[in-house]
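The structure file target_7.txt is reproduced below (compact mmCIF, C-alpha atoms and all ligand atoms).
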# COMPACT_ATOMS: atom_id res chain seq x y z
CA MET A 1 -233.21 -86.43 27.61
CA CYS A 2 -235.67 -83.79 28.72
CA LEU A 3 -236.68 -83.62 25.08
CA ALA A 4 -240.45 -83.60 25.09
CA ILE A 5 -242.70 -83.34 22.09
CA PRO A 6 -246.22 -82.05 21.64
CA MET A 7 -248.78 -84.67 20.61
CA GLN A 8 -252.50 -84.66 20.03
CA VAL A 9 -254.73 -86.98 22.03
CA VAL A 10 -256.82 -89.22 19.78
CA GLU A 11 -258.37 -91.75 22.13
CA ILE A 12 -258.44 -92.22 25.90
CA ASP A 13 -258.80 -95.42 27.91
CA GLY A 14 -258.22 -94.89 31.62
CA TYR A 15 -254.70 -93.50 32.04
CA ASN A 16 -253.75 -94.59 28.55
CA ALA A 17 -254.09 -92.29 25.62
CA ARG A 18 -253.49 -92.92 21.97
CA CYS A 19 -251.62 -89.83 20.82
CA GLU A 20 -250.48 -88.65 17.41
CA ALA A 21 -247.91 -86.28 16.03
CA LYS A 22 -246.72 -85.96 12.46
CA GLY A 23 -248.50 -89.14 11.48
CA ILE A 24 -246.80 -91.13 14.24
CA SER A 25 -249.06 -92.76 16.78
CA ARG A 26 -247.99 -93.69 20.34
CA ASP A 27 -249.45 -94.96 23.59
CA VAL A 28 -249.01 -92.25 26.17
CA SER A 29 -249.68 -92.41 29.90
CA LEU A 30 -251.85 -89.67 31.39
CA PHE A 31 -250.91 -90.76 34.94
CA LEU A 32 -249.07 -87.50 35.64
CA LEU A 33 -252.05 -85.43 34.51
CA GLN A 34 -254.58 -87.06 36.81
CA GLY A 35 -257.19 -84.58 37.87
CA GLU A 36 -256.79 -82.59 34.72
CA PRO A 37 -259.66 -82.84 32.26
CA ILE A 38 -258.26 -84.19 29.01
CA ILE A 39 -260.39 -85.06 26.03
CA PRO A 40 -259.60 -86.31 22.53
CA GLY A 41 -258.37 -83.40 20.44
CA ASP A 42 -256.35 -81.86 23.29
CA HIS A 43 -252.60 -81.39 22.98
CA VAL A 44 -250.11 -82.59 25.57
CA ILE A 45 -246.33 -82.42 25.97
CA VAL A 46 -244.99 -85.96 26.02
CA HIS A 47 -241.71 -86.99 27.62
CA VAL A 48 -240.55 -90.65 27.67
CA GLY A 49 -244.10 -91.85 27.06
CA TYR A 50 -245.77 -89.72 29.73
CA ALA A 51 -247.82 -86.59 29.20
CA ILE A 52 -246.37 -83.97 31.55
CA GLN A 53 -248.50 -80.97 30.60
CA LYS A 54 -251.54 -79.97 28.65
CA ILE A 55 -250.85 -77.22 26.12
CA SER A 56 -252.73 -75.19 23.54
CA ALA A 57 -252.87 -76.16 19.88
CA GLU A 58 -250.88 -73.03 19.08
CA GLU A 59 -247.98 -74.00 21.37
CA ALA A 60 -247.98 -77.47 19.86
CA ARG A 61 -247.60 -75.95 16.39
CA SER A 62 -244.81 -73.55 17.27
CA ALA A 63 -242.87 -76.30 19.00
CA TRP A 64 -243.08 -78.43 15.88
CA GLU A 65 -241.48 -75.73 13.78
CA LEU A 66 -238.33 -76.24 15.83
CA TYR A 67 -238.41 -80.03 15.81
CA ASP A 68 -238.87 -79.97 12.06
CA ALA A 69 -235.67 -77.98 11.85
CA ILE A 70 -233.52 -80.06 14.20
CA LEU A 71 -234.74 -83.65 14.15
CA MET B 1 -237.08 -68.32 11.52
CA HIS B 2 -240.18 -67.45 13.50
CA LEU B 3 -241.06 -63.76 13.21
CA GLN B 4 -241.00 -63.28 16.97
CA ALA B 5 -237.43 -64.52 17.16
CA LYS B 6 -236.45 -61.72 14.79
CA ASP B 7 -238.21 -59.18 16.96
CA TYR B 8 -236.36 -60.30 20.08
CA LEU B 9 -233.10 -60.32 18.19
CA GLN B 10 -233.68 -56.75 17.09
CA ARG B 11 -234.41 -55.66 20.63
CA ILE B 12 -231.34 -57.48 21.93
CA GLN B 13 -229.20 -55.75 19.32
CA GLN B 14 -230.50 -52.37 20.47
CA PHE B 15 -229.09 -52.83 23.96
CA SER B 16 -225.74 -51.32 24.59
CA VAL B 17 -223.94 -54.10 26.40
CA PRO B 18 -221.03 -52.39 28.16
CA GLN B 19 -219.28 -55.55 29.31
CA ARG B 20 -219.37 -59.29 28.86
CA VAL B 21 -222.62 -60.94 29.96
CA ARG B 22 -222.39 -64.67 30.57
CA ILE B 23 -225.68 -66.52 30.43
CA LEU B 24 -225.64 -70.07 31.77
CA ASN B 25 -228.01 -72.77 30.54
CA VAL B 26 -228.43 -76.09 32.33
CA CYS B 27 -230.43 -78.06 29.82
CA GLY B 28 -229.10 -80.14 26.96
CA GLY B 29 -232.27 -79.37 25.03
CA HIS B 30 -231.57 -75.65 25.30
CA GLU B 31 -227.97 -76.11 24.25
CA ARG B 32 -229.15 -78.16 21.28
CA SER B 33 -231.62 -75.51 20.13
CA ILE B 34 -229.13 -72.67 20.68
CA THR B 35 -226.40 -74.44 18.76
CA HIS B 36 -228.51 -75.89 15.96
CA ALA B 37 -230.28 -72.59 15.34
CA GLY B 38 -226.91 -70.82 15.40
CA LEU B 39 -228.12 -68.30 17.99
CA ARG B 40 -224.62 -67.52 19.28
CA SER B 41 -223.53 -66.05 15.97
CA LEU B 42 -226.64 -63.84 15.86
CA LEU B 43 -226.05 -62.23 19.25
CA PRO B 44 -223.73 -59.31 20.02
CA LYS B 45 -220.22 -60.52 20.82
CA ALA B 46 -220.38 -59.47 24.46
CA ILE B 47 -223.19 -61.94 25.15
CA GLU B 48 -221.98 -65.45 25.89
CA LEU B 49 -224.30 -68.43 26.10
CA VAL B 50 -222.57 -70.97 28.31
CA PRO B 51 -223.65 -74.63 28.48
CA GLY B 52 -223.54 -76.07 32.01
CA PRO B 53 -224.49 -79.31 33.79
CA GLY B 54 -227.48 -80.03 31.53
CA CYS B 55 -226.80 -83.63 30.66
CA PRO B 56 -228.06 -86.27 33.11
CA VAL B 57 -226.21 -89.06 31.36
CA CYS B 58 -222.93 -87.12 31.53
CA VAL B 59 -223.20 -86.59 35.28
CA CYS B 60 -224.23 -90.19 36.01
CA PRO B 61 -221.42 -91.52 38.23
CA GLU B 62 -219.06 -94.08 36.84
CA VAL B 63 -219.85 -96.44 39.76
CA ASP B 64 -223.44 -96.64 38.58
CA ILE B 65 -222.42 -97.49 35.03
CA ARG B 66 -220.01 -100.10 36.38
CA LEU B 67 -222.75 -101.60 38.51
CA ALA B 68 -225.09 -101.75 35.50
CA LEU B 69 -222.32 -103.43 33.48
CA ALA B 70 -221.63 -105.93 36.25
CA LEU B 71 -225.30 -106.84 36.55
CA ALA B 72 -225.66 -107.39 32.82
CA LEU B 73 -222.37 -109.26 32.42
CA HIS B 74 -222.18 -111.38 35.56
CA GLU B 75 -225.53 -111.55 37.32
CA GLY B 76 -227.76 -112.77 34.52
CA VAL B 77 -229.79 -109.62 34.68
CA LEU B 78 -231.77 -108.30 31.74
CA LEU B 79 -230.70 -104.68 31.79
CA ALA B 80 -232.76 -101.88 30.28
CA ALA B 81 -231.60 -98.28 29.98
CA PHE B 82 -232.47 -95.15 28.08
CA GLY B 83 -230.71 -95.37 24.73
CA ASP B 84 -228.50 -92.38 25.53
CA MET B 85 -226.82 -94.28 28.34
CA LEU B 86 -225.56 -97.17 26.27
CA ARG B 87 -222.50 -95.55 24.70
CA VAL B 88 -221.38 -93.57 27.75
CA PRO B 89 -217.74 -94.58 28.32
CA ILE B 90 -216.15 -95.48 31.63
CA ASN B 91 -212.46 -95.35 32.45
CA ALA B 92 -211.55 -98.93 31.62
CA GLU B 93 -208.18 -100.31 30.66
CA SER B 94 -207.84 -100.66 26.91
CA GLY B 95 -209.23 -104.00 25.86
CA GLU B 96 -211.77 -103.99 28.67
CA ILE B 97 -215.43 -103.27 28.14
CA ARG B 98 -215.96 -99.51 28.27
CA SER B 99 -219.70 -99.11 27.78
CA LEU B 100 -223.03 -100.89 27.93
CA ALA B 101 -223.07 -100.85 24.13
CA GLN B 102 -219.81 -102.81 24.05
CA ALA B 103 -221.15 -105.27 26.60
CA LYS B 104 -224.26 -105.70 24.48
CA ALA B 105 -222.14 -106.32 21.40
CA GLN B 106 -220.41 -109.10 23.35
CA GLY B 107 -223.70 -110.76 24.13
CA ALA B 108 -224.86 -109.19 27.42
CA ALA B 109 -228.64 -108.83 27.66
CA ILE B 110 -228.99 -105.07 27.40
CA VAL B 111 -232.04 -103.38 25.92
CA PRO B 112 -232.25 -99.69 24.99
CA LEU B 113 -235.61 -98.18 25.70
CA ALA B 114 -237.41 -94.89 25.26
CA SER B 115 -240.02 -95.09 28.00
CA PRO B 116 -240.45 -96.56 31.50
CA GLN B 117 -243.51 -98.36 30.14
CA GLU B 118 -241.23 -100.39 27.90
CA ALA B 119 -239.39 -101.58 31.02
CA VAL B 120 -242.68 -102.84 32.44
CA ALA B 121 -243.50 -104.58 29.15
CA LEU B 122 -240.03 -106.16 29.11
CA ALA B 123 -240.46 -107.52 32.64
CA ARG B 124 -243.84 -108.99 31.65
CA GLN B 125 -242.33 -110.65 28.59
CA HIS B 126 -239.60 -112.24 30.72
CA PRO B 127 -241.37 -113.19 33.94
CA HIS B 128 -238.59 -115.57 34.99
CA ARG B 129 -235.75 -113.10 34.69
CA GLN B 130 -234.66 -110.26 36.88
CA VAL B 131 -235.09 -107.11 34.83
CA VAL B 132 -233.22 -103.99 35.98
CA PHE B 133 -234.14 -100.58 34.59
CA PHE B 134 -231.09 -98.30 34.84
CA ALA B 135 -232.76 -94.90 34.99
CA ALA B 136 -230.75 -91.70 34.77
CA GLY B 137 -232.42 -88.36 34.26
CA PHE B 138 -233.51 -85.06 35.69
CA GLU B 139 -236.86 -84.27 37.32
CA THR B 140 -238.67 -84.36 33.97
CA THR B 141 -237.64 -87.98 33.50
CA MET B 142 -237.83 -89.01 37.14
CA ALA B 143 -241.52 -88.06 37.34
CA PRO B 144 -242.42 -90.71 34.73
CA VAL B 145 -240.18 -93.24 36.49
CA ALA B 146 -242.01 -92.44 39.75
CA ALA B 147 -245.34 -92.78 37.93
CA MET B 148 -244.32 -96.20 36.66
CA LEU B 149 -243.53 -97.40 40.20
CA ALA B 150 -246.60 -95.76 41.71
CA GLU B 151 -248.85 -97.51 39.20
CA GLY B 152 -247.32 -100.84 40.14
CA VAL B 153 -244.69 -102.91 38.35
CA PRO B 154 -244.09 -106.67 38.02
CA ASP B 155 -242.16 -108.34 40.88
CA ASN B 156 -239.21 -109.07 38.61
CA LEU B 157 -238.64 -105.41 37.70
CA ALA B 158 -236.13 -103.39 39.73
CA VAL B 159 -234.85 -99.87 39.19
CA LEU B 160 -231.22 -98.77 39.38
CA LEU B 161 -231.99 -95.16 40.08
CA SER B 162 -229.54 -92.47 39.04
CA GLY B 163 -231.82 -89.45 38.89
CA ARG B 164 -230.75 -85.93 39.74
CA LEU B 165 -232.34 -82.62 40.60
CA THR B 166 -231.08 -79.73 38.47
CA TRP B 167 -231.28 -76.80 40.87
CA PRO B 168 -228.64 -78.04 43.37
CA ALA B 169 -226.05 -78.08 40.56
CA VAL B 170 -226.91 -74.48 39.73
CA ALA B 171 -226.68 -73.56 43.41
CA ARG B 172 -223.23 -75.17 43.54
CA LEU B 173 -222.05 -73.29 40.46
CA LEU B 174 -223.30 -70.00 41.86
CA ASP B 175 -221.80 -70.72 45.28
CA THR B 176 -218.37 -71.52 43.98
CA GLN B 177 -218.09 -69.26 40.94
CA ALA B 178 -220.88 -66.71 41.28
CA SER B 179 -218.97 -64.01 39.46
CA ALA B 180 -218.58 -66.27 36.44
CA PHE B 181 -222.25 -65.97 35.50
CA ASP B 182 -224.55 -63.01 35.08
CA ALA B 183 -227.76 -64.79 34.22
CA LEU B 184 -229.44 -68.17 34.02
CA ILE B 185 -231.78 -69.62 31.44
CA ALA B 186 -233.77 -72.12 33.50
CA PRO B 187 -234.76 -75.46 31.96
CA GLY B 188 -238.26 -75.41 30.45
CA HIS B 189 -239.31 -79.01 30.90
CA VAL B 190 -237.86 -79.32 34.39
CA ALA B 191 -239.88 -76.20 35.23
CA THR B 192 -242.94 -77.70 33.53
CA VAL B 193 -242.82 -80.39 36.21
CA MET B 194 -241.35 -78.50 39.18
CA GLY B 195 -242.70 -74.98 38.56
CA ALA B 196 -241.00 -71.69 37.75
CA ARG B 197 -240.88 -70.82 41.44
CA GLU B 198 -238.20 -73.45 42.07
CA TRP B 199 -235.75 -70.97 40.48
CA ASN B 200 -236.59 -67.99 42.68
CA PHE B 201 -233.48 -68.64 44.75
CA VAL B 202 -231.33 -67.61 41.78
CA SER B 203 -232.56 -64.03 41.82
CA GLU B 204 -233.30 -63.85 45.55
CA GLN B 205 -230.10 -65.35 46.94
CA TYR B 206 -227.61 -64.58 44.21
CA GLN B 207 -229.11 -61.51 42.51
CA ILE B 208 -228.73 -63.23 39.18
CA ALA B 209 -231.14 -62.59 36.32
CA CYS B 210 -233.21 -65.63 35.38
CA ALA B 211 -235.73 -66.64 32.75
CA VAL B 212 -237.40 -69.99 32.11
CA ALA B 213 -237.27 -70.81 28.41
CA GLY B 214 -238.84 -73.28 26.03
CA PHE B 215 -237.06 -74.85 23.12
CA THR B 216 -237.93 -72.70 20.13
CA PRO B 217 -235.58 -69.90 19.04
CA ASP B 218 -238.24 -67.34 19.93
CA SER B 219 -238.63 -68.61 23.49
CA LEU B 220 -234.86 -68.80 23.98
CA LEU B 221 -234.31 -65.32 22.54
CA ALA B 222 -237.15 -63.99 24.68
CA ALA B 223 -235.27 -65.39 27.67
CA VAL B 224 -231.98 -63.83 26.54
CA TYR B 225 -233.77 -60.52 26.05
CA SER B 226 -235.41 -60.78 29.47
CA VAL B 227 -232.22 -61.50 31.39
CA LEU B 228 -230.36 -58.71 29.57
CA ARG B 229 -233.11 -56.29 30.45
CA GLN B 230 -233.03 -57.40 34.08
CA ARG B 231 -229.28 -57.10 34.13
CA LEU B 232 -228.91 -53.80 32.30
CA SER B 233 -231.72 -51.90 34.00
CA GLN B 234 -230.47 -49.30 36.46
CA PRO B 235 -230.23 -50.52 39.13
CA PRO B 236 -230.31 -54.18 37.96
CA ARG B 237 -233.63 -55.78 38.77
CA CYS B 238 -233.46 -59.56 38.96
CA PHE B 239 -236.41 -61.91 39.06
CA VAL B 240 -237.51 -65.16 37.42
CA ASP B 241 -239.22 -64.39 34.13
CA ASN B 242 -241.31 -67.08 32.53
CA CYS B 243 -240.71 -67.15 28.78
CA TYR B 244 -242.38 -70.54 28.37
CA ALA B 245 -245.67 -69.64 29.99
CA ARG B 246 -247.74 -71.87 27.77
CA ALA B 247 -246.22 -74.95 29.36
CA VAL B 248 -244.73 -73.68 32.63
CA SER B 249 -246.77 -72.43 35.57
CA GLU B 250 -245.57 -70.92 38.82
CA SER B 251 -246.10 -74.13 40.77
CA GLY B 252 -245.65 -76.71 37.98
CA ASN B 253 -247.34 -80.08 37.65
CA LEU B 254 -248.45 -80.79 41.22
CA GLN B 255 -249.55 -84.34 40.46
CA ALA B 256 -246.06 -85.09 39.14
CA GLN B 257 -244.47 -83.54 42.24
CA ARG B 258 -246.74 -85.62 44.50
CA CYS B 259 -245.78 -88.70 42.58
CA LEU B 260 -242.05 -87.93 42.91
CA ASP B 261 -242.47 -87.38 46.62
CA GLN B 262 -244.53 -90.51 47.15
CA VAL B 263 -241.98 -92.79 45.49
CA PHE B 264 -238.61 -91.14 46.06
CA GLU B 265 -236.77 -89.42 48.82
CA VAL B 266 -234.19 -86.77 48.03
CA ILE B 267 -230.61 -87.72 48.99
CA ASP B 268 -227.06 -86.39 48.66
CA SER B 269 -225.65 -87.63 45.39
CA GLN B 270 -222.48 -87.87 43.40
CA TRP B 271 -222.30 -86.00 40.08
CA ARG B 272 -219.67 -87.24 37.67
CA GLY B 273 -217.12 -84.50 37.19
CA ILE B 274 -218.64 -82.31 39.88
CA GLY B 275 -218.64 -84.25 43.16
CA VAL B 276 -221.25 -84.85 45.83
CA LEU B 277 -224.04 -82.29 45.95
CA PRO B 278 -226.34 -82.21 48.97
CA ALA B 279 -229.99 -83.13 48.39
CA SER B 280 -229.48 -83.51 44.66
CA GLY B 281 -230.55 -87.07 43.86
CA PHE B 282 -233.30 -89.60 44.41
CA ALA B 283 -233.61 -92.91 46.23
CA LEU B 284 -236.59 -95.26 46.38
CA ARG B 285 -238.66 -94.94 49.54
CA PRO B 286 -238.96 -98.04 51.78
CA ALA B 287 -242.39 -98.94 50.34
CA TYR B 288 -240.67 -99.58 46.99
CA GLN B 289 -237.64 -101.43 48.41
CA ALA B 290 -238.54 -104.67 46.70
CA HIS B 291 -237.83 -102.90 43.40
CA ASP B 292 -234.60 -101.21 44.45
CA ALA B 293 -231.69 -102.67 42.48
CA ARG B 294 -229.27 -101.00 44.92
CA LEU B 295 -230.65 -103.16 47.73
CA ILE B 296 -231.10 -106.33 45.72
CA PHE B 297 -227.50 -106.09 44.52
CA ALA B 298 -226.04 -104.36 47.58
CA THR B 299 -222.99 -106.66 47.70
CA GLN B 300 -222.06 -105.96 44.11
CA GLN B 301 -222.58 -102.24 44.62
CA ARG B 302 -220.31 -102.23 47.67
CA ALA B 303 -217.55 -104.08 45.82
CA ILE B 304 -217.63 -101.61 42.95
CA ALA B 305 -217.70 -98.59 45.25
CA GLN B 306 -214.69 -99.97 47.13
CA ALA B 307 -212.70 -100.22 43.93
CA ALA B 308 -213.30 -96.44 43.78
CA PRO B 309 -213.26 -95.92 40.05
CA GLN B 310 -212.07 -92.58 38.77
CA ASP B 311 -214.25 -89.91 37.40
CA MET B 312 -213.62 -88.53 33.91
CA PRO B 313 -211.22 -90.23 31.49
CA PRO B 314 -207.68 -88.78 31.50
CA GLY B 315 -207.39 -85.69 29.33
CA CYS B 316 -211.14 -85.23 29.04
CA ALA B 317 -212.39 -81.78 30.01
CA CYS B 318 -216.02 -82.84 30.54
CA ALA B 319 -215.87 -81.77 34.18
CA GLU B 320 -215.01 -78.20 33.19
CA VAL B 321 -217.53 -78.27 30.35
CA LEU B 322 -220.25 -79.34 32.80
CA LEU B 323 -219.22 -76.59 35.20
CA GLY B 324 -219.46 -73.94 32.49
CA GLN B 325 -215.72 -73.25 32.76
CA ARG B 326 -214.76 -74.34 29.25
CA TYR B 327 -216.49 -74.58 25.91
CA PRO B 328 -216.28 -77.99 24.21
CA ASP B 329 -213.86 -76.77 21.56
CA GLN B 330 -211.49 -75.68 24.32
CA CYS B 331 -210.86 -79.32 25.18
CA PRO B 332 -207.60 -80.43 23.55
CA LEU B 333 -209.18 -83.76 22.57
CA TYR B 334 -212.25 -82.23 20.91
CA GLY B 335 -212.42 -83.34 17.30
CA ARG B 336 -209.00 -84.92 17.54
CA ARG B 337 -209.05 -88.04 19.66
CA CYS B 338 -212.64 -87.43 20.70
CA THR B 339 -215.54 -87.45 18.22
CA PRO B 340 -218.99 -89.06 18.40
CA HIS B 341 -217.46 -92.12 16.69
CA THR B 342 -214.62 -92.37 19.17
CA PRO B 343 -215.97 -90.67 22.29
CA VAL B 344 -213.50 -90.20 25.12
CA GLY B 345 -215.86 -88.56 27.59
CA PRO B 346 -219.61 -88.74 28.23
CA CYS B 347 -220.22 -85.22 26.86
CA MET B 348 -219.39 -86.49 23.35
CA VAL B 349 -221.95 -89.30 23.54
CA SER B 350 -225.27 -88.07 24.77
CA ASP B 351 -227.64 -86.02 22.64
CA GLU B 352 -227.56 -83.62 25.56
CA GLY B 353 -223.81 -83.50 25.96
CA ALA B 354 -222.38 -80.15 24.91
CA CYS B 355 -219.46 -81.71 23.00
CA GLN B 356 -221.78 -83.96 20.99
CA ILE B 357 -224.15 -81.07 20.26
CA TRP B 358 -221.37 -78.77 19.09
CA TRP B 359 -219.78 -81.45 16.94
CA ALA B 360 -223.10 -82.55 15.42
CA SER B 361 -223.92 -79.00 14.42
CA GLY B 362 -220.66 -78.62 12.56
CA GLN B 363 -218.51 -76.73 15.07
CA HIS B 364 -215.46 -78.60 13.96
CA ALA B 365 -212.79 -75.98 14.37
CA ALA B 366 -211.02 -76.96 17.58
S1 LIG C 1 -214.29 -83.30 23.63
FE1 LIG C 1 -214.38 -85.39 24.45
S2 LIG C 1 -212.67 -85.52 25.82
FE2 LIG C 1 -213.05 -83.34 25.48
S3 LIG C 1 -214.46 -82.69 27.08
FE3 LIG C 1 -215.71 -83.31 25.38
S4 LIG C 1 -216.18 -85.46 25.77
FE4 LIG C 1 -214.42 -84.93 27.10

As a first step, turn the structure in this file into structure tokens.
Ligand code: SF4
Amino acid sequence: MCLAIPMQVVEIDGYNARCEAKGISRDVSLFLLQGEPIIPGDHVIVHVGYAIQKISAEEARSAWELYDAIL
Amino acid sequence: MHLQAKDYLQRIQQFSVPQRVRILNVCGGHERSITHAGLRSLLPKAIELVPGPGCPVCVCPEVDIRLALALALHEGVLLAAFGDMLRVPINAESGEIRSLAQAKAQGAAIVPLASPQEAVALARQHPHRQVVFFAAGFETTMAPVAAMLAEGVPDNLAVLLSGRLTWPAVARLLDTQASAFDALIAPGHVATVMGAREWNFVSEQYQIACAVAGFTPDSLLAAVYSVLRQRLSQPPRCFVDNCYARAVSESGNLQAQRCLDQVFEVIDSQWRGIGVLPASGFALRPAYQAHDARLIFATQQRAIAQAAPQDMPPGCACAEVLLGQRYPDQCPLYGRRCTPHTPVGPCMVSDEGACQIWWASGQHAA
């Protein structure tokens, strides 16, 4: 259940962010990243609908290689 | 496979490993990646990757599942839980309801969900019903649950909290069977929230090699390589290596830790199959009492606790699997009476349960 996936932020409204990964779009809470500057285009690790960390685009890509293989 | 994974594999194969090295992992996600990528078969025979207590749904006490069942079946509650929880079996007499999924099939109002925000939405959609969110999980999951409560939830939403901290289980394993493990791969997303430093005790107090890993084969193999190097250097030099540095920092996500601390206090808690571990679980702080299902339904909870249900189903070796003492295929029921279609124990149900992971990846030879 600690499965967390990288997503790209598309739009931000307060603590809510529209995020996308692999053509899937989700509402994600940025509540746990308060104080961290996040802008559209950034990548975040999302767990149960909450972004828990900002990551680089490169990390997001390498993580997806695995999820492609196992999901 | 990623090029880097190959590099680490090559380096690992160059070590001369004089004796067995047992490397414990405590994260279902790690076990899943290790098993699905077939990493065990790629490593030298002397290196064992041992799954441990990495499944929050598997260690969720039977009393909590019974309470959730009772609320959904007899108290008119609309019960929400992470999907993984629904099929987890309890020790019921045959013919009795054994899981939330069975209760749901018989008409109980039980909703699987994937996010705490869905629990809030559910409570808003049903303003005249008591909604209870049965939340099991480790720190990674508890931080979002804390965030949900900190942001404010509808009056009719309560939480049946069954969250656990991972490190106390590792401390217990190392206290009671230290010689059984030579190294630890620390959980990447728990460390994302709590920081790599939370694992320093492993090397400092137990002189056990440790590396935080992510979920790709290259990160996991980097961690295996790191702990072997720590272990095999002369003299052994143990520390906490961070092989998931792009997501994990030394101190973790401080906002998430503040949120956890604001909403929850840390309490002694029961782990199914393991027993009570000091300071290993969460309870809602008094400011959030109005949303604490354990207080709202205190009478029901007491009655269930008094009936003192057992722990693991008879014959099921989940307890030993969770303690890293047996591999899933060493359980006599594995693949015989127990499969994902007919799960006997919780480890065969959850996506993070070692038995389920092994079976799903085709390890069928029991
Ligand atoms: S195979 Fe089934 S019965 Fe055996 S330990 Fe795993 S879950 Fe329990």

Find the residues near Glu20 in chain A: any atom within 6 Å, counting all atoms listed in the file, skip ones fewer than 3 places away on the same chain, and give them as a PDB file with C-alpha atoms, in the frame of the given file.
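Result file part-v6.pdb:
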ATOM      1  CA  MET A   7    -248.780 -84.670  20.610  1.00  0.00           C
ATOM      2  CA  GLN A   8    -252.500 -84.660  20.030  1.00  0.00           C
ATOM      3  CA  ILE A  24    -246.800 -91.130  14.240  1.00  0.00           C
ATOM      4  CA  SER A  25    -249.060 -92.760  16.780  1.00  0.00           C
TER       5      SER A  25
END

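Nearest-residue note for chain B: choosing from A:Gly14, A:Pro40, A:Gly23, A:Gly35, the minimum distance belongs to A:Gly35, counting only C-alpha atoms.
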
Could you report the residues within 7 Å of ligand LIG 1 (chain C), using only C-alpha atoms and all ligand atoms, as a compact mmCIF listing (two decimals) with C-alpha atoms, in the coordinates of the input?
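Final output, saved to part24.txt:
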# COMPACT_ATOMS: atom_id res chain seq x y z
CA GLY B 315 -207.39 -85.69 29.33
CA CYS B 316 -211.14 -85.23 29.04
CA ALA B 317 -212.39 -81.78 30.01
CA CYS B 318 -216.02 -82.84 30.54
CA VAL B 321 -217.53 -78.27 30.35
CA PRO B 328 -216.28 -77.99 24.21
CA ASP B 329 -213.86 -76.77 21.56
CA CYS B 331 -210.86 -79.32 25.18
CA PRO B 332 -207.60 -80.43 23.55
CA LEU B 333 -209.18 -83.76 22.57
CA TYR B 334 -212.25 -82.23 20.91
CA GLY B 335 -212.42 -83.34 17.30
CA CYS B 338 -212.64 -87.43 20.70
CA THR B 339 -215.54 -87.45 18.22
CA PRO B 343 -215.97 -90.67 22.29
CA VAL B 344 -213.50 -90.20 25.12
CA GLY B 345 -215.86 -88.56 27.59
CA PRO B 346 -219.61 -88.74 28.23
CA CYS B 347 -220.22 -85.22 26.86
CA MET B 348 -219.39 -86.49 23.35
CA CYS B 355 -219.46 -81.71 23.00

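Here CA of Arg164 in chain B and CA of Val59 in chain B stand 8.8 Å from one another.
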
Counting all atoms listed in the file, find residues at most 9 Å from (-238.0, -83.1, 27.6) (file frame) and give them as a PyMOL selection string.
(chain A and resi 1-5+45-48) or (chain B and resi 29+140-141+188-190)

The centre and edge lengths of an axis-aligned box containing all atoms of range 32-41 of chain A present in the file, extended by 6 Å on each side, are to be given in Å to one decimal, as lines of an AutoDock Vina configuration file.
center_x = -254.7
center_y = -85.0
center_z = 29.2
size_x = 23.3
size_y = 16.9
size_z = 29.4

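Going from CA of Ala196 in chain B to CA of Leu260 in chain B covers 17.1 Å.
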
Pull out every residue of chain B that has at least one atom within 8 Å of chain A, counting only C-alpha atoms, and report them as an MDAnalysis selection string.
chainID B and resid 27:29 33 36 55:56 84 114:117 137:138 140:141 143:144 147 189:190 192:193 215:217 246:247 253 255:256 259 351:352

Using all atoms listed in the file - which residues lie no farther than 7 Å from the point (-254.9, -89.0, 25.4) in the file's frame? Write them as a PyMOL selection string.
chain A and resi 9-12+16-19+28+30+38-40

To one decimal place, how far is CA of Gln13 in chain B from CA of Leu49 in chain B in Å?
15.2 Å
